[in-house]
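Asks: Sharing start_20.cif below, mmCIF, C-alpha atoms:
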data_start
loop_
_atom_site.label_atom_id
_atom_site.label_comp_id
_atom_site.auth_asym_id
_atom_site.auth_seq_id
_atom_site.Cartn_x
_atom_site.Cartn_y
_atom_site.Cartn_z
CA MET A 65 144.04 295.63 23.80
CA LYS A 66 142.13 295.22 20.53
CA ILE A 67 139.68 292.72 22.06
CA ASP A 68 139.19 295.01 25.08
CA LEU A 69 138.34 297.90 22.76
CA ILE A 70 135.84 295.77 20.83
CA LYS A 71 134.21 294.64 24.09
CA ARG A 72 134.06 298.24 25.30
CA LEU A 73 132.45 299.40 22.04
CA ALA A 74 129.94 296.54 22.11
CA MET A 75 129.00 297.19 25.74
CA GLY A 76 128.69 300.93 25.07
CA ALA A 77 126.41 300.32 22.10
CA PHE A 78 124.30 297.84 24.07
CA VAL A 79 123.90 300.06 27.13
CA GLY A 80 123.22 303.12 24.98
CA CYS A 81 120.50 301.30 23.02
CA PHE A 82 118.99 299.86 26.18
CA ILE A 83 118.73 303.26 27.89
CA VAL A 84 117.31 305.06 24.84
CA MET A 85 114.74 302.31 24.24
CA LEU A 86 113.84 302.36 27.95
CA VAL A 87 113.28 306.11 27.76
CA MET A 88 111.14 305.70 24.63
CA VAL A 89 109.02 303.07 26.40
CA LEU A 90 108.65 305.27 29.49
CA ILE A 91 107.59 308.23 27.34
CA SER A 92 105.06 305.99 25.56
CA LEU A 93 103.66 304.73 28.86
CA GLN A 94 103.48 308.26 30.29
CA ASN A 95 101.58 309.64 27.29
CA GLY A 96 99.60 306.51 26.56
CA PRO A 97 100.97 304.04 24.02
CA GLN A 98 97.97 304.64 21.77
CA ASN A 99 98.91 308.35 21.56
CA ILE A 100 102.52 307.79 20.48
CA SER A 101 103.82 306.59 17.14
CA PHE A 102 107.47 306.38 16.22
CA THR A 103 108.40 306.59 12.55
CA GLY A 104 111.06 304.44 10.98
CA VAL A 105 113.33 307.50 10.81
CA THR A 106 112.81 308.13 14.52
CA ILE A 107 113.70 304.54 15.40
CA ILE A 108 116.79 304.51 13.14
CA ASN A 109 117.95 307.86 14.58
CA ALA A 110 117.36 306.58 18.12
CA PHE A 111 119.33 303.42 17.36
CA LEU A 112 122.31 305.17 15.76
CA GLY A 113 122.28 308.08 18.20
CA SER A 114 122.19 305.75 21.20
CA ILE A 115 125.19 303.85 19.85
CA VAL A 116 127.18 307.08 19.46
CA VAL A 117 126.25 308.19 22.98
CA GLY A 118 127.06 304.74 24.38
CA TRP A 119 130.46 304.84 22.71
CA GLY A 120 131.05 308.32 24.14
CA PHE A 121 130.51 307.07 27.66
CA SER A 122 132.28 303.72 27.23
CA LEU A 123 135.40 304.94 25.45
CA THR A 124 135.94 307.71 27.99
CA GLY A 125 135.88 304.95 30.62
CA LEU A 126 139.43 304.17 29.52
CA ILE A 127 140.43 307.03 31.85
CA TYR A 128 139.99 304.65 34.80
CA GLU A 129 143.03 302.70 33.64
CA ARG A 130 145.21 305.69 34.50
CA ASP A 131 146.46 305.49 38.08
CA ASP A 132 148.10 308.91 37.96
CA ILE A 133 144.75 310.76 37.78
CA ALA A 134 142.61 311.20 40.89
CA PHE A 135 139.37 309.20 40.93
CA PRO A 136 137.07 312.29 41.16
CA LEU A 137 138.83 313.79 38.12
CA GLN A 138 138.37 310.53 36.24
CA ILE A 139 134.64 310.64 36.99
CA ALA A 140 134.42 314.29 35.94
CA PHE A 141 136.29 313.52 32.70
CA GLN A 142 134.08 310.58 31.76
CA MET A 143 130.80 312.24 32.72
CA GLY A 144 131.77 315.58 31.20
CA ILE A 145 132.69 314.19 27.79
CA GLY A 146 129.90 311.61 27.84
CA MET A 147 127.28 314.23 28.67
CA ALA A 148 128.68 316.64 26.07
CA ILE A 149 128.35 313.94 23.40
CA LEU A 150 124.84 313.15 24.65
CA PHE A 151 123.79 316.81 24.43
CA ILE A 152 125.27 317.24 20.94
CA VAL A 153 123.46 314.12 19.69
CA ALA A 154 120.28 315.15 21.53
CA VAL A 155 120.20 318.57 19.91
CA TYR A 156 121.11 317.19 16.48
CA LEU A 157 118.45 314.46 16.59
CA GLN A 158 115.95 316.77 18.31
CA TRP A 159 115.68 314.58 21.41
CA MET A 160 116.06 317.71 23.52
CA PRO A 161 113.11 320.06 22.92
CA ILE A 162 115.12 323.29 22.72
CA ASN A 163 112.19 325.20 21.23
CA LEU A 164 109.97 324.70 24.31
CA GLY A 165 111.89 326.99 26.65
CA ILE A 166 114.56 326.76 29.31
CA GLY A 167 112.42 324.91 31.88
CA ILE A 168 112.00 321.79 29.76
CA ILE A 169 115.68 321.89 28.79
CA ILE A 170 116.71 321.96 32.46
CA GLU A 171 114.30 319.10 33.18
CA TRP A 172 115.77 317.11 30.27
CA ILE A 173 119.32 317.73 31.52
CA ILE A 174 118.40 316.64 35.05
CA ILE A 175 116.78 313.43 33.78
CA ALA A 176 119.81 312.72 31.57
CA CYS A 177 122.15 313.28 34.51
CA VAL A 178 120.10 310.92 36.69
CA PHE A 179 120.21 308.18 34.04
CA ALA A 180 123.98 308.69 33.63
CA ALA A 181 124.57 308.62 37.39
CA VAL A 182 122.46 305.49 37.90
CA SER A 183 124.27 303.73 35.03
CA TRP A 184 127.67 304.80 36.36
CA CYS A 185 126.79 303.60 39.88
CA GLY A 186 125.61 300.26 38.50
CA PHE A 187 128.89 299.68 36.66
CA TYR A 188 130.90 300.90 39.67
CA ILE A 189 129.15 298.47 42.00
CA TYR A 190 129.58 295.61 39.52
CA TYR A 191 133.33 296.18 39.08
CA TYR A 192 133.76 296.76 42.83
CA LEU A 193 132.18 293.37 43.54
CA VAL A 194 134.28 291.67 40.85
CA ALA A 195 137.46 293.13 42.35
CA ARG A 196 136.38 292.12 45.87
CA ASP A 197 135.74 288.54 44.74
CA LEU A 198 139.12 288.37 43.00
CA ASN A 199 140.84 289.67 46.13
CA ASN A 200 139.02 287.13 48.26
CA LYS A 201 140.12 284.31 45.92
CA LEU A 202 143.72 285.53 46.08
CA ASN A 203 143.60 285.68 49.90
CA VAL A 204 142.22 282.13 50.09
CA LYS A 205 145.11 280.80 47.96
CA LYS A 206 147.70 282.36 50.29
#
Will you turn the file into structure tokens for me?

Replies:
Amino acid sequence: MKIDLIKRLAMGAFVGCFIVMLVMVLISLQNGPQNISFTGVTIINAFLGSIVVGWGFSLTGLIYERDDIAFPLQIAFQMGIGMAILFIVAVYLQWMPINLGIGIIIEWIIIACVFAAVSWCGFYIYYYLVARDLNNKLNVKK
């Protein structure tokens, strides 16, 4: 159990950092890399914030080990808590431009939801294929 928790924390930190750095690169490319400069504080905050958000999504993934909870409720639990942690970190670190009006906030939320959904689907497909391969190996041995 302890090793599984460490793996989950490491994967959450890695995926969180990857997504935040990907977003920073996309923002730089959209605005022109020559027009963007990130300070050391911005990079440190992005690094630490992305780890916290990654942990929020990965640790809530433990809900999938519970067979007594319906799959849609498991998804809602993980996404709900993960997104809440993301929004708290985003407001605290000023990733979400709350001073620019409701339109940009809604756009930010939609983009965050798309990134979360794409990441979730990627992990779902991966684990689905792993389970299918294991089942196939078990059927071959019978």

Asks: Write out as a list in words which residues come within 12 Å of region 183-196 of chain A when counting only C-alpha atoms, dropping same-chain ones fewer than 2 positions away.

Replies: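 My list of contacting residues is Met75, Gly76, Val79, Gly80, Phe82, Ile83, Gly118, Phe121, Ser122, Gly125, Tyr128, Phe135, Ile139, Ala140, Gln142, Met143, Gly146, Ala176, Cys177, Val178, Phe179, Ala180, Ala181, Leu198, Asn199, Asn200, Lys201, Leu202 and Asn203 of chain A.
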
Asks: For the structure shown, which residues end up in the PyMOL selection byres ((chain A and resi 99-109) around 10)? Put them as a list of chain:residue names, please?

Replies: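 Applying the PyMOL selection byres ((chain A and resi 99-109) around 10) to the structure shown produces A:Met85, A:Met88, A:Val89, A:Ile91, A:Ser92, A:Leu93, A:Gln94, A:Asn95, A:Gly96, A:Pro97, A:Gln98, A:Ala110, A:Phe111, A:Leu112, A:Gly113, A:Ser114, A:Ile115, A:Val153, A:Leu157, A:Gln158, A:Trp159.
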
Asks: Interatomic distance between CA of Ile152 (chain A) and CA of Leu123 (chain A)?

Replies: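 Going from CA of Ile152 (chain A) over to CA of Leu123 (chain A) covers 16.6 Å.
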
Asks: What does the distance from CA of Val155 (chain A) to CA of Val84 (chain A) come to in Å, to one decimal?

Replies: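 Pair CA of Val155 (chain A) / CA of Val84 (chain A) returns 14.7 Å.
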
Asks: Can you work out the spacing between CA of Gly120 (chain A) and CA of Met147 (chain A) in Å, to one decimal?

Replies: 8.3 Å

Asks: Smallest atom-to-atom distance to Gly144 (chain A): which of A:Tyr156, A:Ala74, A:Thr124, A:Pro161, using only C-alpha atoms?

Replies: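 Distance minimum relative to Gly144 (chain A) lands on A:Thr124.
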
Asks: If you take every atom of region 159-165 of chain A that the file lists and fit an axis-aligned box around them with 4 Å extra on each side, what centre and edge lengths come out in Å to one decimal, as lines of an AutoDock Vina configuration file?

Replies:
center_x = 113.0
center_y = 320.8
center_z = 23.9
size_x = 14.1
size_y = 20.4
size_z = 13.4

Asks: In file coordinates, which residues lie within 6 Å of (121.4, 318.2, 29.0) using all atoms listed in the file, given as a PyMOL selection string?

Replies: chain A and resi 151+172-173

Asks: Could region 136-169 of chain A be completed with N, CA and C atoms and returned as a CSV table (one decimal), in the frame of the given file?

Replies:
chain,number,residue,atom,x,y,z
A,136,PRO,N,138.1,311.3,41.5
A,136,PRO,CA,137.1,312.3,41.2
A,136,PRO,C,137.3,313.0,39.8
A,137,LEU,N,138.6,313.2,39.4
A,137,LEU,CA,138.8,313.8,38.1
A,137,LEU,C,138.5,312.8,37.0
A,138,GLN,N,138.7,311.5,37.2
A,138,GLN,CA,138.4,310.5,36.2
A,138,GLN,C,136.9,310.5,36.0
A,139,ILE,N,136.1,310.6,37.1
A,139,ILE,CA,134.6,310.6,37.0
A,139,ILE,C,134.2,311.9,36.2
A,140,ALA,N,134.8,313.0,36.6
A,140,ALA,CA,134.4,314.3,35.9
A,140,ALA,C,134.7,314.2,34.5
A,141,PHE,N,135.9,313.6,34.1
A,141,PHE,CA,136.3,313.5,32.7
A,141,PHE,C,135.3,312.7,31.9
A,142,GLN,N,135.0,311.5,32.5
A,142,GLN,CA,134.1,310.6,31.8
A,142,GLN,C,132.7,311.2,31.6
A,143,MET,N,132.2,311.7,32.7
A,143,MET,CA,130.8,312.2,32.7
A,143,MET,C,130.7,313.5,31.9
A,144,GLY,N,131.8,314.3,32.0
A,144,GLY,CA,131.8,315.6,31.2
A,144,GLY,C,131.7,315.3,29.7
A,145,ILE,N,132.6,314.5,29.2
A,145,ILE,CA,132.7,314.2,27.8
A,145,ILE,C,131.5,313.4,27.4
A,146,GLY,N,131.1,312.4,28.2
A,146,GLY,CA,129.9,311.6,27.8
A,146,GLY,C,128.6,312.5,27.7
A,147,MET,N,128.5,313.4,28.7
A,147,MET,CA,127.3,314.2,28.7
A,147,MET,C,127.4,315.2,27.5
A,148,ALA,N,128.6,315.7,27.2
A,148,ALA,CA,128.7,316.6,26.1
A,148,ALA,C,128.3,315.9,24.8
A,149,ILE,N,128.7,314.7,24.6
A,149,ILE,CA,128.4,313.9,23.4
A,149,ILE,C,126.8,313.7,23.4
A,150,LEU,N,126.3,313.4,24.6
A,150,LEU,CA,124.8,313.2,24.6
A,150,LEU,C,124.1,314.4,24.2
A,151,PHE,N,124.5,315.6,24.7
A,151,PHE,CA,123.8,316.8,24.4
A,151,PHE,C,123.9,317.2,23.0
A,152,ILE,N,125.1,317.0,22.4
A,152,ILE,CA,125.3,317.2,20.9
A,152,ILE,C,124.3,316.4,20.1
A,153,VAL,N,124.3,315.1,20.4
A,153,VAL,CA,123.5,314.1,19.7
A,153,VAL,C,122.0,314.5,19.9
A,154,ALA,N,121.7,314.8,21.2
A,154,ALA,CA,120.3,315.2,21.5
A,154,ALA,C,119.8,316.4,20.8
A,155,VAL,N,120.6,317.4,20.6
A,155,VAL,CA,120.2,318.6,19.9
A,155,VAL,C,120.1,318.3,18.4
A,156,TYR,N,121.1,317.5,17.9
A,156,TYR,CA,121.1,317.2,16.5
A,156,TYR,C,119.9,316.3,16.1
A,157,LEU,N,119.6,315.3,16.9
A,157,LEU,CA,118.4,314.5,16.6
A,157,LEU,C,117.1,315.0,17.2
A,158,GLN,N,117.1,316.1,17.8
A,158,GLN,CA,116.0,316.8,18.3
A,158,GLN,C,115.3,315.9,19.4
A,159,TRP,N,116.2,315.3,20.2
A,159,TRP,CA,115.7,314.6,21.4
A,159,TRP,C,115.4,315.6,22.5
A,160,MET,N,116.2,316.7,22.5
A,160,MET,CA,116.1,317.7,23.5
A,160,MET,C,115.2,318.8,22.9
A,161,PRO,N,114.0,319.1,23.5
A,161,PRO,CA,113.1,320.1,22.9
A,161,PRO,C,113.6,321.5,23.2
A,162,ILE,N,114.6,322.0,22.4
A,162,ILE,CA,115.1,323.3,22.7
A,162,ILE,C,114.2,324.4,22.4
A,163,ASN,N,113.1,324.2,21.6
A,163,ASN,CA,112.2,325.2,21.2
A,163,ASN,C,111.1,325.4,22.3
A,164,LEU,N,111.0,324.6,23.3
A,164,LEU,CA,110.0,324.7,24.3
A,164,LEU,C,110.4,325.5,25.6
A,165,GLY,N,111.5,326.1,25.5
A,165,GLY,CA,111.9,327.0,26.6
A,165,GLY,C,112.9,326.3,27.6
A,166,ILE,N,113.5,327.2,28.4
A,166,ILE,CA,114.6,326.8,29.3
A,166,ILE,C,114.1,325.7,30.4
A,167,GLY,N,112.9,325.8,30.8
A,167,GLY,CA,112.4,324.9,31.9
A,167,GLY,C,112.5,323.5,31.4
A,168,ILE,N,112.0,323.2,30.3
A,168,ILE,CA,112.0,321.8,29.8
A,168,ILE,C,113.4,321.3,29.4
A,169,ILE,N,114.3,322.3,29.0
A,169,ILE,CA,115.7,321.9,28.8
A,169,ILE,C,116.4,321.5,30.1
